[in-house]
Each structure stands twice: as structure tokens, then as C-alpha cells.
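Below is the file input-v3.csv, which contains CSV, C-alpha atoms and all ligand atoms.
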```
chain,number,residue,atom,x,y,z
A,17,GLN,CA,15.3,21.5,-7.3
A,18,ASN,CA,14.3,19.9,-10.5
A,19,THR,CA,17.3,17.7,-11.0
A,20,ILE,CA,17.5,16.7,-7.3
A,21,ASP,CA,13.8,15.7,-7.4
A,22,LYS,CA,14.2,13.8,-10.7
A,23,ILE,CA,17.0,11.8,-9.0
A,24,ALA,CA,15.2,11.4,-5.8
A,25,ALA,CA,12.1,10.3,-7.7
A,26,GLY,CA,14.1,7.2,-8.7
A,27,GLU,CA,13.9,5.9,-5.1
A,28,VAL,CA,10.2,6.3,-4.7
A,29,VAL,CA,8.9,6.1,-8.2
A,30,GLU,CA,10.0,3.1,-10.2
A,31,ARG,CA,6.9,2.4,-12.2
A,32,PRO,CA,3.1,3.0,-12.1
A,33,ALA,CA,2.7,0.5,-9.3
A,34,SER,CA,4.8,2.6,-7.0
A,35,VAL,CA,2.8,5.7,-7.9
A,36,VAL,CA,-0.4,3.9,-7.0
A,37,LYS,CA,1.1,2.6,-3.7
A,38,GLU,CA,2.2,6.1,-2.6
A,39,LEU,CA,-1.0,7.8,-3.5
A,40,VAL,CA,-3.2,5.2,-2.0
A,41,GLU,CA,-1.2,5.3,1.2
A,42,ASN,CA,-1.7,9.0,1.3
A,43,ALA,CA,-5.4,8.5,0.9
A,44,MET,CA,-5.4,6.1,3.8
A,45,ASP,CA,-3.4,8.5,5.9
A,46,ALA,CA,-6.1,11.1,5.1
A,47,GLY,CA,-8.7,8.8,6.7
A,48,ALA,CA,-10.4,7.7,3.5
A,49,THR,CA,-13.0,4.9,3.8
A,50,ALA,CA,-13.5,4.6,0.0
A,51,ILE,CA,-10.7,4.7,-2.6
A,52,THR,CA,-11.0,4.3,-6.3
A,53,VAL,CA,-7.9,3.4,-8.4
A,54,GLU,CA,-8.1,3.6,-12.1
A,55,ILE,CA,-5.3,3.0,-14.7
A,56,ARG,CA,-4.9,3.2,-18.4
A,57,ASP,CA,-2.1,1.6,-20.4
A,58,GLY,CA,-0.8,-0.1,-17.3
A,59,GLY,CA,-0.8,3.2,-15.5
A,60,ILE,CA,1.8,4.7,-17.9
A,61,SER,CA,-0.6,7.2,-19.6
A,62,LEU,CA,-2.9,7.6,-16.6
A,63,VAL,CA,-3.3,6.8,-12.9
A,64,ARG,CA,-6.3,8.2,-11.3
A,65,ILE,CA,-6.9,7.9,-7.5
A,66,THR,CA,-10.0,9.3,-5.8
A,67,ASP,CA,-10.5,9.3,-2.1
A,68,ASN,CA,-13.1,10.6,0.4
A,69,GLY,CA,-10.5,11.6,2.9
A,70,SER,CA,-9.8,14.9,4.7
A,71,GLY,CA,-8.6,16.8,1.6
A,72,ILE,CA,-5.9,19.4,1.6
A,73,PRO,CA,-6.6,23.0,2.7
A,74,ALA,CA,-6.2,25.5,-0.2
A,75,GLU,CA,-3.3,27.3,1.3
A,76,GLN,CA,-1.4,24.1,1.8
A,77,VAL,CA,-1.8,22.6,-1.6
A,78,PRO,CA,1.5,23.9,-3.2
A,79,LEU,CA,3.4,23.0,0.0
A,80,ALA,CA,2.4,19.4,-0.3
A,81,PHE,CA,4.5,19.1,-3.5
A,82,LEU,CA,7.6,20.4,-1.9
A,83,ARG,CA,10.4,18.0,-1.1
A,84,HIS,CA,10.3,16.9,2.5
A,85,ALA,CA,6.9,18.5,3.0
A,86,THR,CA,4.9,16.3,5.3
A,87,SER,CA,2.0,17.4,7.4
A,88,LYS,CA,2.2,14.2,9.4
A,89,ILE,CA,4.9,14.9,11.9
A,90,ARG,CA,4.5,17.7,14.4
A,91,SER,CA,7.1,16.9,17.1
A,92,VAL,CA,10.3,15.1,17.7
A,93,GLU,CA,8.6,12.5,19.8
A,94,GLU,CA,6.1,12.0,17.0
A,95,LEU,CA,9.0,11.7,14.6
A,96,VAL,CA,10.5,8.8,16.6
A,97,GLN,CA,7.1,7.1,16.9
A,98,ILE,CA,6.1,7.5,13.3
A,99,ALA,CA,9.5,7.0,11.6
A,100,SER,CA,8.7,3.3,11.1
A,101,LEU,CA,5.7,4.2,9.0
A,102,GLY,CA,7.9,6.0,6.5
A,103,PHE,CA,6.5,9.5,6.3
A,104,ARG,CA,9.2,11.3,4.4
A,105,GLY,CA,7.3,13.9,2.5
A,106,GLU,CA,8.9,12.7,-0.8
A,107,ALA,CA,6.1,11.0,-2.8
A,108,LEU,CA,4.3,14.0,-4.2
A,109,SER,CA,7.5,16.0,-5.0
A,110,SER,CA,9.0,12.9,-6.6
A,111,ILE,CA,6.0,12.0,-8.7
A,112,SER,CA,5.4,15.6,-9.8
A,113,ALA,CA,9.0,15.8,-11.0
A,114,VAL,CA,8.6,12.9,-13.5
A,115,ALA,CA,4.9,13.2,-14.6
A,116,GLN,CA,2.0,15.5,-15.2
A,117,ILE,CA,-0.2,15.8,-12.2
A,118,GLU,CA,-3.7,17.3,-11.8
A,119,MET,CA,-5.1,17.3,-8.4
A,120,ILE,CA,-8.6,18.3,-7.1
A,121,THR,CA,-9.1,18.5,-3.4
A,122,LYS,CA,-11.5,19.9,-0.8
A,123,THR,CA,-11.7,19.8,3.0
A,124,PRO,CA,-15.0,19.1,4.7
A,125,ASP,CA,-15.4,22.6,6.1
A,126,ALA,CA,-14.4,24.5,2.9
A,127,LEU,CA,-17.1,25.7,0.5
A,128,THR,CA,-14.9,25.3,-2.6
A,129,GLY,CA,-12.1,23.0,-3.6
A,130,THR,CA,-8.7,23.6,-5.3
A,131,ARG,CA,-7.6,22.4,-8.7
A,132,TYR,CA,-3.8,22.2,-8.9
A,133,VAL,CA,-1.7,21.3,-11.9
A,134,ILE,CA,2.0,20.5,-11.8
A,135,GLU,CA,4.1,19.1,-14.6
A,136,GLY,CA,7.8,18.2,-14.4
A,137,GLY,CA,7.9,20.0,-11.0
A,138,ALA,CA,6.5,23.3,-12.5
A,139,GLU,CA,3.2,24.7,-11.3
A,140,LYS,CA,0.7,25.1,-14.2
A,141,ALA,CA,-2.5,26.0,-12.4
A,142,ASN,CA,-3.8,26.7,-8.9
A,143,GLU,CA,-7.5,27.7,-8.9
A,144,GLU,CA,-10.7,27.4,-7.0
A,145,VAL,CA,-13.2,24.8,-8.2
A,146,GLY,CA,-16.3,23.1,-7.0
A,147,ALA,CA,-15.5,19.6,-5.7
A,148,PRO,CA,-16.7,16.9,-3.3
A,149,THR,CA,-14.8,16.5,-0.1
A,150,GLY,CA,-11.7,14.4,-0.6
A,151,THR,CA,-8.9,14.3,-3.1
A,152,THR,CA,-8.5,13.1,-6.7
A,153,PHE,CA,-5.1,12.7,-8.3
A,154,LEU,CA,-4.6,12.3,-12.0
A,155,VAL,CA,-1.1,11.3,-12.9
A,156,ARG,CA,-0.4,11.4,-16.6
A,157,ASN,CA,2.5,10.2,-18.8
A,158,LEU,CA,4.9,8.9,-16.2
A,159,PHE,CA,8.5,9.6,-17.1
A,160,TYR,CA,7.5,11.8,-20.1
A,161,ASN,CA,10.5,14.0,-19.3
A,162,THR,CA,13.0,11.3,-18.4
A,163,PRO,CA,13.3,9.1,-21.5
A,164,ALA,CA,16.0,7.0,-19.9
A,165,ARG,CA,13.6,6.0,-17.2
A,166,GLN,CA,10.8,5.5,-19.5
A,167,LYS,CA,12.8,2.8,-21.3
A,168,PHE,CA,12.8,0.7,-18.2
A,169,LEU,CA,9.0,0.4,-18.1
A,170,LYS,CA,7.7,-2.9,-19.2
A,171,THR,CA,4.7,-3.5,-21.5
A,172,PRO,CA,1.3,-2.0,-20.3
A,173,VAL,CA,0.1,-5.5,-19.5
A,174,THR,CA,3.1,-6.2,-17.2
A,175,GLU,CA,2.8,-2.8,-15.6
A,176,ALA,CA,-0.9,-3.4,-15.1
A,177,ASN,CA,-0.2,-6.7,-13.4
A,178,ALA,CA,2.2,-5.0,-11.0
A,179,VAL,CA,-0.5,-2.4,-10.2
A,180,THR,CA,-3.1,-5.1,-9.6
A,181,SER,CA,-0.9,-6.9,-7.0
A,182,VAL,CA,-0.3,-3.6,-5.2
A,183,VAL,CA,-4.0,-2.8,-5.2
A,184,GLU,CA,-4.8,-6.4,-3.9
A,185,GLN,CA,-2.3,-6.1,-1.2
A,186,LEU,CA,-3.6,-2.7,-0.1
A,187,ALA,CA,-7.2,-4.0,-0.1
A,188,LEU,CA,-6.2,-7.1,1.9
A,189,SER,CA,-4.2,-5.0,4.4
A,190,HIS,CA,-7.1,-2.6,5.0
A,191,PRO,CA,-10.3,-4.6,5.1
A,192,GLY,CA,-12.1,-1.6,6.6
A,193,ILE,CA,-11.7,0.4,3.4
A,194,SER,CA,-13.8,0.0,0.2
A,195,PHE,CA,-11.5,-0.3,-2.8
A,196,LYS,CA,-12.7,0.0,-6.4
A,197,TYR,CA,-10.1,-0.8,-9.1
A,198,MET,CA,-10.5,-0.2,-12.8
A,199,VAL,CA,-8.3,-1.1,-15.6
A,200,ASN,CA,-9.0,0.6,-18.9
A,201,SER,CA,-12.5,1.4,-17.7
A,202,GLN,CA,-13.3,-2.1,-16.7
A,203,VAL,CA,-14.0,-2.9,-13.0
A,204,LYS,CA,-11.5,-5.5,-11.8
A,205,LEU,CA,-12.1,-5.4,-8.1
A,206,HIS,CA,-14.6,-3.9,-5.8
A,207,THR,CA,-14.3,-4.6,-2.0
A,208,SER,CA,-17.0,-3.7,0.5
A,209,GLY,CA,-14.8,-2.3,3.3
A,210,ASN,CA,-17.0,-4.1,5.8
A,211,ARG,CA,-14.0,-6.1,7.3
A,212,ASN,CA,-15.4,-9.5,6.3
A,213,LEU,CA,-12.1,-11.2,5.6
A,214,LYS,CA,-13.6,-14.3,4.0
A,215,GLU,CA,-15.5,-12.2,1.6
A,216,LEU,CA,-12.3,-10.3,0.8
A,217,VAL,CA,-10.4,-13.5,0.1
A,218,TYR,CA,-13.3,-14.6,-2.1
A,219,ASN,CA,-13.2,-11.3,-4.1
A,220,ILE,CA,-9.5,-11.4,-4.7
A,221,TYR,CA,-8.6,-15.1,-4.8
A,222,GLY,CA,-11.9,-16.8,-5.7
A,223,ARG,CA,-14.1,-19.4,-4.1
A,224,ASP,CA,-11.7,-22.4,-4.1
A,225,ILE,CA,-9.3,-20.6,-1.7
A,226,ALA,CA,-12.0,-18.8,0.3
A,227,ARG,CA,-13.5,-22.2,1.4
A,228,GLU,CA,-10.3,-23.8,2.5
A,229,LEU,CA,-9.3,-21.4,5.3
A,230,ILE,CA,-8.6,-22.1,9.0
A,231,GLU,CA,-9.1,-19.1,11.3
A,232,ILE,CA,-6.1,-18.4,13.6
A,233,HIS,CA,-5.5,-16.2,16.6
A,234,SER,CA,-2.3,-15.9,18.7
A,235,GLU,CA,-1.4,-13.5,21.5
A,236,SER,CA,1.8,-12.9,23.4
A,237,PRO,CA,3.3,-9.9,25.1
A,238,LEU,CA,5.3,-9.4,21.9
A,239,MET,CA,2.6,-9.6,19.2
A,240,THR,CA,-1.0,-10.4,18.4
A,241,ILE,CA,-1.7,-12.3,15.2
A,242,ASP,CA,-5.2,-12.7,13.6
A,243,GLY,CA,-6.3,-14.0,10.3
A,244,PHE,CA,-6.5,-17.2,8.3
A,245,ILE,CA,-4.2,-19.9,7.0
A,246,GLY,CA,-5.0,-22.0,4.0
A,247,LYS,CA,-5.4,-25.7,4.4
A,248,PRO,CA,-2.3,-27.5,3.1
A,249,VAL,CA,-4.3,-28.5,0.0
A,250,ILE,CA,-3.8,-24.9,-1.3
A,251,SER,CA,-0.3,-24.1,-2.3
A,252,ARG,CA,1.8,-22.4,-4.9
A,253,GLY,CA,5.2,-22.7,-6.4
A,254,ASN,CA,6.1,-19.2,-5.2
A,255,ARG,CA,5.5,-17.0,-2.2
A,256,ASN,CA,2.7,-14.8,-3.8
A,257,PHE,CA,0.1,-16.5,-1.5
A,258,GLU,CA,1.9,-15.6,1.7
A,259,ASN,CA,0.2,-12.5,2.8
A,260,TYR,CA,1.0,-10.8,6.1
A,261,TYR,CA,0.6,-7.3,7.3
A,262,VAL,CA,2.5,-5.9,10.2
A,263,ASN,CA,0.9,-3.0,12.0
A,264,GLY,CA,-1.3,-2.5,8.9
A,265,ARG,CA,1.5,-2.4,6.4
A,266,TYR,CA,2.2,-4.8,3.6
A,267,VAL,CA,5.7,-6.1,4.2
A,268,ARG,CA,8.1,-8.8,3.3
A,269,SER,CA,10.1,-10.7,5.8
A,270,LYS,CA,12.5,-13.6,5.4
A,271,LEU,CA,12.0,-14.4,9.1
A,272,LEU,CA,8.2,-14.6,8.9
A,273,ALA,CA,8.3,-16.5,5.6
A,274,ARG,CA,10.6,-19.1,7.2
A,275,ALA,CA,8.3,-19.3,10.2
A,276,ILE,CA,5.3,-19.8,8.0
A,277,GLU,CA,6.9,-22.5,5.9
A,278,ASP,CA,8.4,-24.3,8.9
A,279,GLY,CA,5.0,-24.2,10.6
A,280,TYR,CA,3.6,-26.1,7.6
A,281,GLN,CA,6.6,-28.3,7.1
A,282,THR,CA,5.1,-31.6,8.2
A,283,SER,CA,1.8,-30.9,6.4
A,284,MET,CA,3.1,-29.7,3.1
A,285,MET,CA,5.2,-31.1,0.3
A,286,GLN,CA,8.6,-29.4,-0.2
A,287,HIS,CA,8.9,-26.4,-2.5
A,288,LYS,CA,5.3,-25.5,-2.2
A,289,TYR,CA,4.2,-22.4,-0.5
A,290,PRO,CA,1.0,-22.0,1.5
A,291,PHE,CA,-1.8,-19.4,1.5
A,292,THR,CA,-1.8,-17.2,4.5
A,293,LEU,CA,-3.5,-14.0,5.5
A,294,PHE,CA,-2.2,-12.6,8.8
A,295,TYR,CA,-2.7,-9.3,10.6
A,296,VAL,CA,0.2,-8.9,13.0
A,297,GLN,CA,0.1,-6.1,15.6
A,298,MET,CA,3.3,-5.4,17.5
A,299,ASP,CA,5.0,-2.7,19.4
A,300,GLY,CA,6.5,-0.2,16.9
A,301,GLU,CA,9.8,-0.4,18.6
A,302,ALA,CA,10.2,-4.1,18.0
A,303,VAL,CA,10.1,-3.6,14.2
A,304,ASP,CA,12.0,-1.6,11.7
A,305,VAL,CA,10.5,-0.9,8.3
A,306,ASN,CA,12.8,1.9,7.3
A,307,VAL,CA,15.4,-0.5,5.8
A,308,HIS,CA,14.5,0.5,2.2
A,309,PRO,CA,12.6,3.6,0.9
A,310,THR,CA,9.9,1.4,-0.4
A,311,LYS,CA,9.3,0.1,3.1
A,312,MET,CA,8.9,-3.5,2.3
A,313,GLU,CA,11.5,-5.6,4.0
A,314,LEU,CA,11.3,-5.8,7.8
A,315,ARG,CA,13.8,-6.2,10.5
A,316,PHE,CA,12.8,-7.3,14.0
A,317,SER,CA,14.2,-7.3,17.4
A,318,HIS,CA,13.3,-10.5,19.3
A,319,GLN,CA,13.7,-12.5,16.1
A,320,GLU,CA,13.7,-15.9,17.9
A,321,GLU,CA,10.5,-15.3,19.8
A,322,ILE,CA,8.7,-13.9,16.8
A,323,TYR,CA,9.7,-16.9,14.7
A,324,ARG,CA,8.6,-19.4,17.3
A,325,GLN,CA,5.2,-17.8,18.0
A,326,MET,CA,4.4,-17.7,14.3
A,327,ARG,CA,5.6,-21.2,13.5
A,328,ASP,CA,3.9,-22.8,16.6
A,329,MET,CA,0.7,-21.0,15.9
A,330,ILE,CA,0.6,-22.5,12.4
A,331,SER,CA,1.7,-26.0,13.3
A,332,GLY,CA,-0.8,-25.9,16.2
A,333,ALA,CA,-3.7,-24.9,14.0
A,334,LEU,CA,-2.9,-27.5,11.5
A,335,ASN,CA,-2.5,-30.3,14.1
A,336,HIS,CA,-5.6,-29.3,15.8
A,337,ARG,CA,-7.6,-29.7,12.6
A,338,GLU,CA,-6.2,-33.1,12.0
A,339,GLN,CA,-7.4,-34.5,15.3
B,1,LIG,P1,4.1,12.1,3.2
B,1,LIG,O1,3.0,11.1,2.9
B,1,LIG,O2,5.3,11.4,3.6
B,1,LIG,O3,3.7,13.1,4.3
B,1,LIG,P2,3.7,12.9,0.5
B,1,LIG,O4,4.7,13.6,-0.4
B,1,LIG,O5,3.3,11.6,0.2
B,1,LIG,O6,4.4,12.9,1.9
B,1,LIG,O7,2.5,13.9,0.8
B,1,LIG,C1,2.8,15.2,1.2
B,1,LIG,C2,1.6,15.8,1.9
B,1,LIG,O8,0.5,16.0,1.1
B,1,LIG,C3,1.0,14.9,3.0
B,1,LIG,O9,1.8,15.0,4.2
B,1,LIG,C4,-0.4,15.3,3.2
B,1,LIG,O10,-0.5,16.5,4.0
B,1,LIG,C5,-0.8,15.8,1.8
B,1,LIG,N1,-1.6,14.8,1.0
B,1,LIG,C6,-1.1,14.0,0.0
B,1,LIG,N2,-2.1,13.2,-0.5
B,1,LIG,C7,-3.2,13.5,0.3
B,1,LIG,C8,-4.6,13.0,0.2
B,1,LIG,N3,-4.9,12.1,-0.6
B,1,LIG,N4,-5.4,13.6,1.1
B,1,LIG,C9,-5.0,14.5,2.0
B,1,LIG,N5,-3.8,15.0,2.1
B,1,LIG,C10,-2.9,14.5,1.2
B,2,MG,MG,3.0,9.8,1.4
```
Turn this file's structure into C-alpha cells for me.
Ligand code: ADP
Ligand code: MG
Amino acid sequence: QNTIDKIAAGEVVERPASVVKELVENAMDAGATAITVEIRDGGISLVRITDNGSGIPAEQVPLAFLRHATSKIRSVEELVQIASLGFRGEALSSISAVAQIEMITKTPDALTGTRYVIEGGAEKANEEVGAPTGTTFLVRNLFYNTPARQKFLKTPVTEANAVTSVVEQLALSHPGISFKYMVNSQVKLHTSGNRNLKELVYNIYGRDIARELIEIHSESPLMTIDGFIGKPVISRGNRNFENYYVNGRYVRSKLLARAIEDGYQTSMMQHKYPFTLFYVQMDGEAVDVNVHPTKMELRFSHQEEIYRQMRDMISGALNHREQ
């Protein structure tokens, strides 16, 4: 089990940022409305994630760390529906194979919680403790037992930057959740979770961008798009400002990137990339996110229609503003 998990861990766990992404997604799946992320040394020595979600029932705690243990799929129909969200039951087993995990969890109806410790895939403690409802994960010393993998980690500063962009993307993709993010005990980001998108942009990108936004909305039988696009005065030399979330997930898509940039084309100088913040809702069957285990790159059916709706929405909004 151990060797297989250590190998499998390579797919899910590359660096502290991937640990943070998996654990925060679990917290969101558990219905958390407030999530705290804390890292030390770029997350290499410590990642701590606290949520106020549903918690894990005591008898299910050890099971959650087994490979392909997922509580999120109960039927074949559900499997088909949910496959695109990437529930694979691999994150906890993978992370616990290559780090030292301490978890404290309690469900709302239980009187006491559970403290569980697992290191390098081996259970070290499983005991009753007093705890608030929700779950806290402490992940210490990532890759402590796989020196070859540890070598690939960058400096703490670089790893911290990668974690920061993951946290920002998670906060942007879930404006209804309050995120608190701390780096070496210093609060770097604290979002309200009140769904105010302008305030969210202000918190993450600052005032200069928050005041140059155009609100957009576009609806077709294929997809609904809501959010903001930046006025063409805001741009970057890379695509880091192009934010879009499909069915609540942070994703990357060459098709959407091209549609965005073509939508701006007449308004923007070449080789500059705009600021966007889109929330796209579409039928789960029209989109495939299972292309890679890290669930980032999307594939669409109806490519042409999706491209056109996105591009025309943007060029329309920009033209409208000029008149
Ligand atoms: P998956 O998310 O694909 O189901 P994971 O390995 O990430 O697999 O998690 C395994 C299981 O552990 C989940 O299905 C869930 O039941 C439980 N779990 C993990 N994190 C949390 C959390 N923060 N709150 C409640 N349950 C959790
Ligand atoms: Mg998960």
C-alpha cells in the first residue's frame, strides 16, 4: 500500500500548493462557510487548514485515508454526474503517504471529536478529543520520507507564492465563503464571504483594478456567464489576470482564453492580457474536467458556440461602453 500510495501521491501532491488546493476543496465539499489556511516555510514545514464544515464521523475517520475512499459517490448515476468534479478519493491517502498529518474533526451531532494522526501512511493516534464542529488538518514536513521529491521543492518564498495564488483563486471562485489566509502568522488575506465581487477584487487585486470593472451578463441555452471584465486600461504581460470559473471550479482553457483575448482585440494592444472575472455555469455534460488529475484544463463540446458567446459578450460590453 505504502509504495503505491507514494507513487500515486506524485499525481495529486506536487508541492504545498497542491496540498492546500485538495484540502480546501474537501472543506468546501463539506459545506464550510469559513476556511482558514495557514502556512509556514512556504507550506513545507506546515500547512494548517481549518473549516466549519460537516466534520467526519468518528467511525469513518480511518477510512477517509484509504485509497479510493470517497464518501461523495453513492450510486452509478451519481458517479456519472459527479465524475467531472473529480472526486477520486485519493487526496488524503496521497498526502498522508508523504507527510505527517494530524487531523481533528467533529460532526455537529457528536458530543466529542476525533484526533487522528497518520505519518507516512501509518496510523499513529486515533482518540477522542473535545473539538468545535468542523475539521482541522495539520500537514507537517511534506516529502519528509521521499528525499527525491523534496529536492524538487523550490524555496519557501516561491512555494508560498504558489500557495497564495491557489488561495486567491479559491477565494475568487467561492465568493460565498469567508477565507482567512496566513503566512508565517501574518494575515495576508481575509475575505468576507458575503458575495460582494467588487469587494473581493479589491481585497485581492487592490483599488486600481477594483474601480476599472465593467459588469457583464450573458445567457444562452448552453451557458450563463456573470462577472466583470476589466476596462482595457488594465492589462498584463501574462494570463494571470484572466480568471474564469466553470461550474464553480478554477480551470484553464485555451478556448476561453482565446475567446477573451479576441473579444478585446480591437480594444487592446497586442501581447497584453486583460483582467477578467467570470462565473460560467453550464451543463456538466458539455464540459470535461477530467483531462488531468489536477483538474485544471477543460475540454468542451460545442466549442464554436462557447467561443462565440464569450467573445461577443466581451466585445459587446466594450463597444457599449465606448458609445
Ligand atoms: P474525495 O474528496 O475525492 O472524496 P479525499 O481523499 O480528498 O477524497 O477525501 C476522502 C474523504 O474524507 C472525503 O470523501 C470526505 O468524506 C472526507 N473528508 C476529507 N476532508 C474533509 C473535511 N474537511 N470535512 C469533512 N469530510 C472530509
Ligand atoms: Mg478531495
*Would you list the residues that come within 6 Å of ligand MG 2 (chain B)? Count all atoms listed in the file and give the answer as a list in words.*
Glu38, Asn42 and Ala107 of chain A
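With distances restricted to all atoms listed in the file, A:Leu188 is the closest residue to Tyr295 of chain A from A:Leu188, A:Ile330, A:Leu205, A:Leu62.
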Please return as a PDB file with C-alpha atoms, in the coordinates of the input the residues found within 7 Å of ligand LIG 1 (chain B), counting only C-alpha atoms and all ligand atoms.
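Saved to result25.pdb:
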```
ATOM      1  CA  GLU A  38       2.200   6.100  -2.600  1.00  0.00           C
ATOM      2  CA  LEU A  39      -1.000   7.800  -3.500  1.00  0.00           C
ATOM      3  CA  ASN A  42      -1.700   9.000   1.300  1.00  0.00           C
ATOM      4  CA  ALA A  43      -5.400   8.500   0.900  1.00  0.00           C
ATOM      5  CA  ALA A  46      -6.100  11.100   5.100  1.00  0.00           C
ATOM      6  CA  ASP A  67     -10.500   9.300  -2.100  1.00  0.00           C
ATOM      7  CA  GLY A  69     -10.500  11.600   2.900  1.00  0.00           C
ATOM      8  CA  SER A  70      -9.800  14.900   4.700  1.00  0.00           C
ATOM      9  CA  GLY A  71      -8.600  16.800   1.600  1.00  0.00           C
ATOM     10  CA  ILE A  72      -5.900  19.400   1.600  1.00  0.00           C
ATOM     11  CA  ALA A  80       2.400  19.400  -0.300  1.00  0.00           C
ATOM     12  CA  PHE A  81       4.500  19.100  -3.500  1.00  0.00           C
ATOM     13  CA  ALA A  85       6.900  18.500   3.000  1.00  0.00           C
ATOM     14  CA  THR A  86       4.900  16.300   5.300  1.00  0.00           C
ATOM     15  CA  SER A  87       2.000  17.400   7.400  1.00  0.00           C
ATOM     16  CA  LYS A  88       2.200  14.200   9.400  1.00  0.00           C
ATOM     17  CA  GLY A 102       7.900   6.000   6.500  1.00  0.00           C
ATOM     18  CA  PHE A 103       6.500   9.500   6.300  1.00  0.00           C
ATOM     19  CA  ARG A 104       9.200  11.300   4.400  1.00  0.00           C
ATOM     20  CA  GLY A 105       7.300  13.900   2.500  1.00  0.00           C
ATOM     21  CA  GLU A 106       8.900  12.700  -0.800  1.00  0.00           C
ATOM     22  CA  ALA A 107       6.100  11.000  -2.800  1.00  0.00           C
ATOM     23  CA  LEU A 108       4.300  14.000  -4.200  1.00  0.00           C
ATOM     24  CA  SER A 109       7.500  16.000  -5.000  1.00  0.00           C
ATOM     25  CA  GLY A 150     -11.700  14.400  -0.600  1.00  0.00           C
ATOM     26  CA  THR A 151      -8.900  14.300  -3.100  1.00  0.00           C
TER      27      THR A 151
END
```
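We find atom CA of Arg268 of chain A and atom CA of Thr292 of chain A to be spaced 13.0 Å apart.
For the choices A:Val249, A:Leu314, A:Ala141, A:Ala187, the atom-to-atom distance to Val40 of chain A is smallest for A:Ala187 when using all atoms listed in the file.
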*Taking only C-alpha atoms into account, which of A:Ala126, A:Val155, A:Met239, A:Ile120 comes nearest Phe316 of chain A?*
A:Met239
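All residues of protein, DNA or RNA that reach within 7 Å of Lys37 of chain A, judged by all atoms listed in the file and not counting those fewer than 4 positions away in the chain, are A:Ala33, A:Glu41, A:Val182.
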Suppose we keep C-alpha atoms; can you now write the selection as a short mmCIF file (atom, residue, chain, number, x, y, z; two decimals), in the frame of the given file?
```
data_model
loop_
_atom_site.label_atom_id
_atom_site.label_comp_id
_atom_site.auth_asym_id
_atom_site.auth_seq_id
_atom_site.Cartn_x
_atom_site.Cartn_y
_atom_site.Cartn_z
CA ALA A 33 2.70 0.50 -9.30
CA GLU A 41 -1.20 5.30 1.20
CA VAL A 182 -0.30 -3.60 -5.20
#
```
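Taking atom CA of Asn177 of chain A and atom CA of Gly137 of chain A as the two end points, the separation is 28.0 Å.
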*Find the residues near Asn256 of chain A: any atom within 12 Å, counting all atoms listed in the file, skip ones fewer than 5 places away on the same chain, and give them as a list in words.*
Ser181, Val182, Glu184, Gln185, Tyr221, Ser251, Arg268, Ala273, Lys288, Tyr289, Pro290, Phe291, Thr292 and Leu293 of chain A
*For atom CA of Asp125 of chain A and atom CA of Ala74 of chain A, determine how far apart the two atoms are, in Å to one decimal place.*
11.5 Å
_Need the shell around Gln319 of chain A: protein/DNA/RNA residues with any atom at most 10 Å away, counting only C-alpha atoms. Skip same-chain ones fewer than 6 positions apart. Format as a PyMOL selection string?_
chain A and resi 271-272+302-303
Please write the residues from the selection above to a file, keeping C-alpha atoms, as a short mmCIF file (atom, residue, chain, number, x, y, z; two decimals), keeping the file's coordinate frame.
```cif
data_model
loop_
_atom_site.label_atom_id
_atom_site.label_comp_id
_atom_site.auth_asym_id
_atom_site.auth_seq_id
_atom_site.Cartn_x
_atom_site.Cartn_y
_atom_site.Cartn_z
CA LEU A 271 12.00 -14.40 9.10
CA LEU A 272 8.20 -14.60 8.90
CA ALA A 302 10.20 -4.10 18.00
CA VAL A 303 10.10 -3.60 14.20
#
```
*May I ask which of the residues A:Gln281, A:Ser208, A:Gln297, A:Thr121 is the closest one to Gly243 of chain A, counting only C-alpha atoms?*
A:Gln297
